[in-house]
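*Asks:* First the structure, which I've put down as structure tokens, then a few questions once you've had a look.
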Amino acid sequence: MLSAASWRAVMDGLPKHFGTDASVDADTAREISAFLERNAGRKRETAPLTRITETRWFVKEHDEVPAAAWKRPAIKSAANCAACHRAAEQGNYEEHDVRIPR
């Protein structure tokens with residue numbers, strides 16, 4: 001979902017990845033980076049994004065979710081996919097399986 005430039009920005013920021021040190025050794029970083037760049041999205045961004053939740057696709061797909069829902073204790077943020085997408089851990093994000101916690 002992110003462009004190659006965005007994935008490079010994510011990988012460059014691993015020591016401070018959303019408040020966590022997600023650093024990996026150099027060989028692993030090269031392997032992950034190569035995979036991400038090979039499979040990157042083709043859309044161009046005006047500036048690299050480091051959050052999938054900032055992409056136009058994500059915003060469009062979630063436009064019906066009220067802003068207050070993201071702040072509910074059971075959800076906490078848009079990055080918590082599994083809060084609403086009950087089969088997210090299996091890679092299933094089908095809309096008919098979504099349940100937004102109250």
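Chain labels run A, B, ... following the order of the structure tokens; each chain numbers its residues from 1, and ligands are numbered from 1 in the order shown.
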Contacts of range 25-39 of chain A at 9 Å or less, counting only C-alpha atoms, minus same-chain residues fewer than 5 places along, as a ChimeraX atom specification?
*Replies:* /A:1-5,7-8,11
*Asks:* Could the residues in this selection be saved with C-alpha atoms as a PDB file, in the first residue's frame?
*Replies:*
```pdb
ATOM      1  CA  MET A   1       0.000   0.000   0.000  1.00  0.00           C
ATOM      2  CA  LEU A   2       2.959   2.304   0.423  1.00  0.00           C
ATOM      3  CA  SER A   3       5.335   3.460  -2.292  1.00  0.00           C
ATOM      4  CA  ALA A   4       8.984   2.411  -2.397  1.00  0.00           C
ATOM      5  CA  ALA A   5       9.969   5.863  -1.086  1.00  0.00           C
ATOM      6  CA  TRP A   7       8.876   1.994   2.684  1.00  0.00           C
ATOM      7  CA  ARG A   8      12.432   3.395   2.638  1.00  0.00           C
ATOM      8  CA  MET A  11      12.868   1.260   7.258  1.00  0.00           C
TER       9      MET A  11
END
```
*Asks:* Which one is closest to Phe58 in chain A: A:Arg44, A:Val24, A:Cys81, A:Val98? Count only C-alpha atoms.
*Replies:* A:Cys81
*Asks:* Mind checking DSSP for chain A and telling me the strand (DSSP E or B) residues as number ranges by chain?
*Replies:* A: 17, 20, 85, 98
*Asks:* Could you work out how far CA of Leu14 in chain A lies from CA of Asp63 in chain A, giving the answer in Å with one decimal?
*Replies:*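 That distance, rounded to one decimal, is 29.1 Å.
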*Asks:* Leaving out range 82-87 of chain A and any residue of its chain fewer than 5 positions from it, which residues lie within 7 Å of it when counting only C-alpha atoms, given as a list in words?
*Replies:*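 In the requested format, the answer is Ala74, Ile75, Asn92, Tyr93, Asp97, Val98, Arg99, Ile100 and Pro101 of chain A.
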*Asks:* Once you have the residues from the selection above, write them out as a PDB file, in the first residue's frame, restricted to N, CA, C and O atoms.
*Replies:*
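Writing the result to result_21.pdb gives the following:
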```pdb
ATOM      1  N   ALA A  74     -11.589   0.288  23.224  1.00  0.00           N
ATOM      2  CA  ALA A  74     -11.396  -1.000  22.567  1.00  0.00           C
ATOM      3  C   ALA A  74     -10.689  -0.871  21.210  1.00  0.00           C
ATOM      4  O   ALA A  74     -10.223  -1.858  20.663  1.00  0.00           O
ATOM      5  N   ILE A  75     -10.614   0.348  20.686  1.00  0.00           N
ATOM      6  CA  ILE A  75      -9.987   0.568  19.384  1.00  0.00           C
ATOM      7  C   ILE A  75      -8.654   1.305  19.549  1.00  0.00           C
ATOM      8  O   ILE A  75      -7.634   0.862  19.069  1.00  0.00           O
ATOM      9  N   ASN A  92      -7.544 -11.359   6.626  1.00  0.00           N
ATOM     10  CA  ASN A  92      -8.900 -11.173   6.129  1.00  0.00           C
ATOM     11  C   ASN A  92      -9.430  -9.817   6.596  1.00  0.00           C
ATOM     12  O   ASN A  92      -9.634  -9.611   7.793  1.00  0.00           O
ATOM     13  N   TYR A  93      -9.661  -8.937   5.639  1.00  0.00           N
ATOM     14  CA  TYR A  93     -10.182  -7.606   5.952  1.00  0.00           C
ATOM     15  C   TYR A  93     -11.531  -7.380   5.263  1.00  0.00           C
ATOM     16  O   TYR A  93     -11.902  -6.252   4.974  1.00  0.00           O
ATOM     17  N   ASP A  97     -17.093  -8.822   7.613  1.00  0.00           N
ATOM     18  CA  ASP A  97     -16.602  -9.352   8.896  1.00  0.00           C
ATOM     19  C   ASP A  97     -16.256  -8.264   9.901  1.00  0.00           C
ATOM     20  O   ASP A  97     -15.765  -8.550  10.985  1.00  0.00           O
ATOM     21  N   VAL A  98     -16.468  -7.019   9.549  1.00  0.00           N
ATOM     22  CA  VAL A  98     -16.122  -5.901  10.420  1.00  0.00           C
ATOM     23  C   VAL A  98     -17.161  -5.742  11.532  1.00  0.00           C
ATOM     24  O   VAL A  98     -18.358  -5.779  11.282  1.00  0.00           O
ATOM     25  N   ARG A  99     -16.668  -5.562  12.742  1.00  0.00           N
ATOM     26  CA  ARG A  99     -17.507  -5.232  13.898  1.00  0.00           C
ATOM     27  C   ARG A  99     -16.814  -4.110  14.656  1.00  0.00           C
ATOM     28  O   ARG A  99     -15.718  -4.306  15.195  1.00  0.00           O
ATOM     29  N   ILE A 100     -17.416  -2.950  14.666  1.00  0.00           N
ATOM     30  CA  ILE A 100     -16.824  -1.796  15.348  1.00  0.00           C
ATOM     31  C   ILE A 100     -17.240  -1.825  16.806  1.00  0.00           C
ATOM     32  O   ILE A 100     -18.425  -1.733  17.116  1.00  0.00           O
ATOM     33  N   PRO A 101     -16.266  -1.991  17.716  1.00  0.00           N
ATOM     34  CA  PRO A 101     -16.600  -2.033  19.143  1.00  0.00           C
ATOM     35  C   PRO A 101     -17.241  -0.733  19.617  1.00  0.00           C
ATOM     36  O   PRO A 101     -16.930   0.345  19.122  1.00  0.00           O
TER      37      PRO A 101
END
```
*Asks:* In Å, with one decimal, what is the gap from CA of Gly91 in chain A to CA of Glu54 in chain A?
*Replies:* 19.8 Å
*Asks:* Just give me the gap between CA of Asn80 in chain A and CA of Trp57 in chain A in Å, one decimal is fine.
*Replies:*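 CA of Asn80 in chain A sits 16.6 Å away from CA of Trp57 in chain A.
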*Asks:* Return the single residue from A:Arg51, A:Arg102, A:Pro15, A:Glu94 that is closest to Val65 in chain A, with distances computed using only C-alpha atoms.
*Replies:*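 Answer, going by the shortest atom-to-atom distance: A:Arg102.
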*Asks:* Go through chain A and collect every residue that DSSP, computed from the backbone, puts in alpha helix (DSSP H); the answer should be as a VMD selection string.
*Replies:* chain A and resid 4 to 12 26 to 38 56 to 61
*Asks:* Pick the closest to Ile52 in chain A from A:Val10, A:Lys16, A:His96, A:Ala69: which is it, counting only C-alpha atoms?
*Replies:* A:Val10
